[in-house]
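Here's structure13.cif, which has mmCIF, C-alpha atoms:
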data_work
#
loop_
_atom_site.group_PDB
_atom_site.id
_atom_site.type_symbol
_atom_site.label_atom_id
_atom_site.label_comp_id
_atom_site.auth_asym_id
_atom_site.auth_seq_id
_atom_site.Cartn_x
_atom_site.Cartn_y
_atom_site.Cartn_z
ATOM 1 C CA MET A 21 -15.374 148.388 117.975
ATOM 2 C CA THR A 22 -15.976 151.737 116.300
ATOM 3 C CA ALA A 23 -16.647 155.133 117.870
ATOM 4 C CA SER A 24 -20.318 154.964 116.872
ATOM 5 C CA ASN A 25 -20.627 151.437 118.337
ATOM 6 C CA LEU A 26 -19.075 152.674 121.558
ATOM 7 C CA ARG A 27 -21.478 155.628 121.757
ATOM 8 C CA ASP A 28 -24.459 153.307 121.197
ATOM 9 C CA LEU A 29 -23.129 150.965 123.897
ATOM 10 C CA LEU A 30 -22.757 153.873 126.346
ATOM 11 C CA VAL A 31 -26.293 155.084 125.656
ATOM 12 C CA ASN A 32 -27.778 151.577 125.951
ATOM 13 C CA MET A 33 -25.994 150.880 129.233
ATOM 14 C CA LEU A 34 -26.937 154.251 130.731
ATOM 15 C CA THR A 35 -30.577 153.803 129.753
ATOM 16 C CA ARG A 36 -30.619 150.307 131.258
ATOM 17 C CA ASP A 37 -28.587 151.017 134.404
ATOM 18 C CA VAL A 38 -29.672 154.552 135.289
ATOM 19 C CA GLY A 39 -32.992 154.895 133.472
ATOM 20 C CA GLY A 40 -34.311 157.792 131.513
ATOM 21 C CA ASP A 41 -34.597 158.650 127.877
ATOM 22 C CA ARG A 42 -32.179 157.389 125.196
ATOM 23 C CA ARG A 43 -32.266 160.794 123.480
ATOM 24 C CA ARG A 44 -31.210 162.582 126.665
ATOM 25 C CA TRP A 45 -28.337 160.158 127.269
ATOM 26 C CA ARG A 46 -27.190 160.496 123.656
ATOM 27 C CA ILE A 47 -26.989 164.261 124.189
ATOM 28 C CA ALA A 48 -25.234 163.827 127.558
ATOM 29 C CA VAL A 49 -22.612 161.454 126.110
ATOM 30 C CA GLY A 50 -21.948 163.585 123.036
ATOM 31 C CA ASP A 51 -19.542 162.450 120.349
ATOM 32 C CA VAL A 52 -16.815 159.918 120.933
ATOM 33 C CA ARG A 53 -13.565 161.580 119.853
ATOM 34 C CA VAL A 54 -10.983 159.226 118.407
ATOM 35 C CA TYR A 55 -7.275 160.095 118.502
ATOM 36 C CA SER A 56 -4.295 158.701 116.640
ATOM 37 C CA ARG A 57 -2.779 155.564 118.135
ATOM 38 C CA ALA A 58 0.627 157.134 117.487
ATOM 39 C CA THR A 59 -0.056 159.809 120.101
ATOM 40 C CA HIS A 60 -2.477 157.819 122.303
ATOM 41 C CA PRO A 61 -1.199 154.224 122.308
ATOM 42 C CA HIS A 62 -2.996 153.079 125.485
ATOM 43 C CA CYS A 63 -6.456 154.562 124.922
ATOM 44 C CA ASN A 64 -7.393 156.446 121.778
ATOM 45 C CA TRP A 65 -10.867 157.765 122.596
ATOM 46 C CA ALA A 66 -12.601 160.233 124.877
ATOM 47 C CA VAL A 67 -15.971 161.856 125.485
ATOM 48 C CA ALA A 68 -16.872 165.261 126.897
ATOM 49 C CA PRO A 69 -20.177 164.658 128.684
ATOM 50 C CA SER A 70 -22.655 167.438 129.298
ATOM 51 C CA GLY A 71 -25.820 167.860 131.311
ATOM 52 C CA SER A 72 -26.531 167.873 135.011
ATOM 53 C CA ASN A 73 -23.885 166.957 137.574
ATOM 54 C CA ARG A 74 -25.565 163.576 138.029
ATOM 55 C CA GLU A 75 -25.643 162.856 134.285
ATOM 56 C CA ILE A 76 -21.987 163.785 133.877
ATOM 57 C CA ALA A 77 -21.011 161.627 136.857
ATOM 58 C CA GLU A 78 -22.928 158.629 135.471
ATOM 59 C CA VAL A 79 -21.331 158.997 132.032
ATOM 60 C CA GLU A 80 -17.840 159.344 133.516
ATOM 61 C CA ARG A 81 -18.346 156.313 135.760
ATOM 62 C CA LEU A 82 -19.339 154.180 132.806
ATOM 63 C CA VAL A 83 -16.578 155.569 130.580
ATOM 64 C CA ASP A 84 -13.975 154.554 133.174
ATOM 65 C CA ASP A 85 -15.326 151.004 133.100
ATOM 66 C CA LEU A 86 -15.530 150.792 129.297
ATOM 67 C CA ARG A 87 -12.065 152.260 128.807
ATOM 68 C CA ALA A 88 -10.613 149.191 130.542
ATOM 69 C CA ARG A 89 -12.513 146.827 128.226
ATOM 70 C CA HIS A 90 -12.268 148.833 124.976
ATOM 71 C CA PRO A 91 -9.175 151.043 125.076
ATOM 72 C CA ILE A 92 -8.742 151.204 121.300
ATOM 73 C CA VAL A 93 -11.557 151.985 118.860
ATOM 74 C CA ALA A 94 -11.791 152.658 115.140
ATOM 75 C CA ALA A 95 -12.988 156.049 113.889
ATOM 76 C CA GLY A 96 -16.265 154.787 112.351
#

File written out as structure tokens:
Amino acid sequence: MTASNLRDLLVNMLTRDVGGDRRRWRIAVGDVRVYSRATHPHCNWAVAPSGSNREIAEVERLVDDLRARHPIVAAG
């Protein structure tokens, strides 16, 4: 899985599960930052969601779930 694949997956799941516009969720999710596995061996990615309190909470809820299934991603 790459960072761009992960972002697309987040946006698709948020649109399906929460509803709303794909563009708005893409903005709320922001970029997936990928870190070196040397310094982050257990999970090498993170997002910094933005938007309303509800949007941020929904993104963070989903990120917690996806981090368990996809802890390591490629930079792509």

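Residues surrounding Val52 of chain A within 6 Å are Ala23, Ala66 and Val67 of chain A [all atoms listed in the file; sequence separation below 6 positions excluded].
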
**Report entry** Nearest residue to Gly96 of chain A from the set A:Val49, A:Met21, A:Leu82, A:Ala77 (distances using all atoms listed in the file)
**Finding:**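 Of the candidates, the smallest distance to Gly96 of chain A is held by A:Met21.
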
Requested in this report: Spell out the residues picked by the PyMOL selection byres ((chain A and resi 30) around 10) here, as a PyMOL selection string.
Outcome: chain A and resi 24-29+31-36+45-46+49+79+82-83+86

Query raised in the report: Hey, can you check how far atom CA of Ala48 of chain A sits from atom CA of Gly71 of chain A?
Result: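 One can read the atom CA of Ala48 of chain A to atom CA of Gly71 of chain A distance as 5.5 Å.
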
Requested in this report: Write out as number ranges by chain the residues lying within 6 Å of Pro91 of chain A, counting only C-alpha atoms and excluding same-chain residues fewer than 2 positions away.
Outcome: A: 63, 87-88

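Pairwise distance (atom CA of Asn64 of chain A, atom CA of Val93 of chain A) equals 6.8 Å.
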
Query - Nearest residue to Glu80 of chain A from the set A:Ile47, A:Arg53, A:Ala68, A:His62 (distances using only C-alpha atoms) - result: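 Closest to Glu80 of chain A of all the choices is A:Ala68.
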
Query raised in the report: By how many Å are atom CA of Gly39 of chain A and atom CA of Ala95 of chain A apart?
Result: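 These two atoms are separated by 28.0 Å.
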
Requested in this report: Check the smallest atom-to-atom distance from each of A:Asp37, A:His90, A:Thr59, A:Asp51 to Glu78 of chain A using only C-alpha atoms, then report the winner.
Outcome: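 Selected residue with least distance to Glu78 of chain A: A:Asp37.
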
Please, what is the axis-aligned box for every listed atom of segment 24-32 of chain A with 6 Å on each side, as centre and edge lengths in Å to one decimal, as AutoDock Vina command-line options?
--center_x -23.4 --center_y 153.3 --center_z 121.6 --size_x 20.7 --size_y 16.7 --size_z 21.5
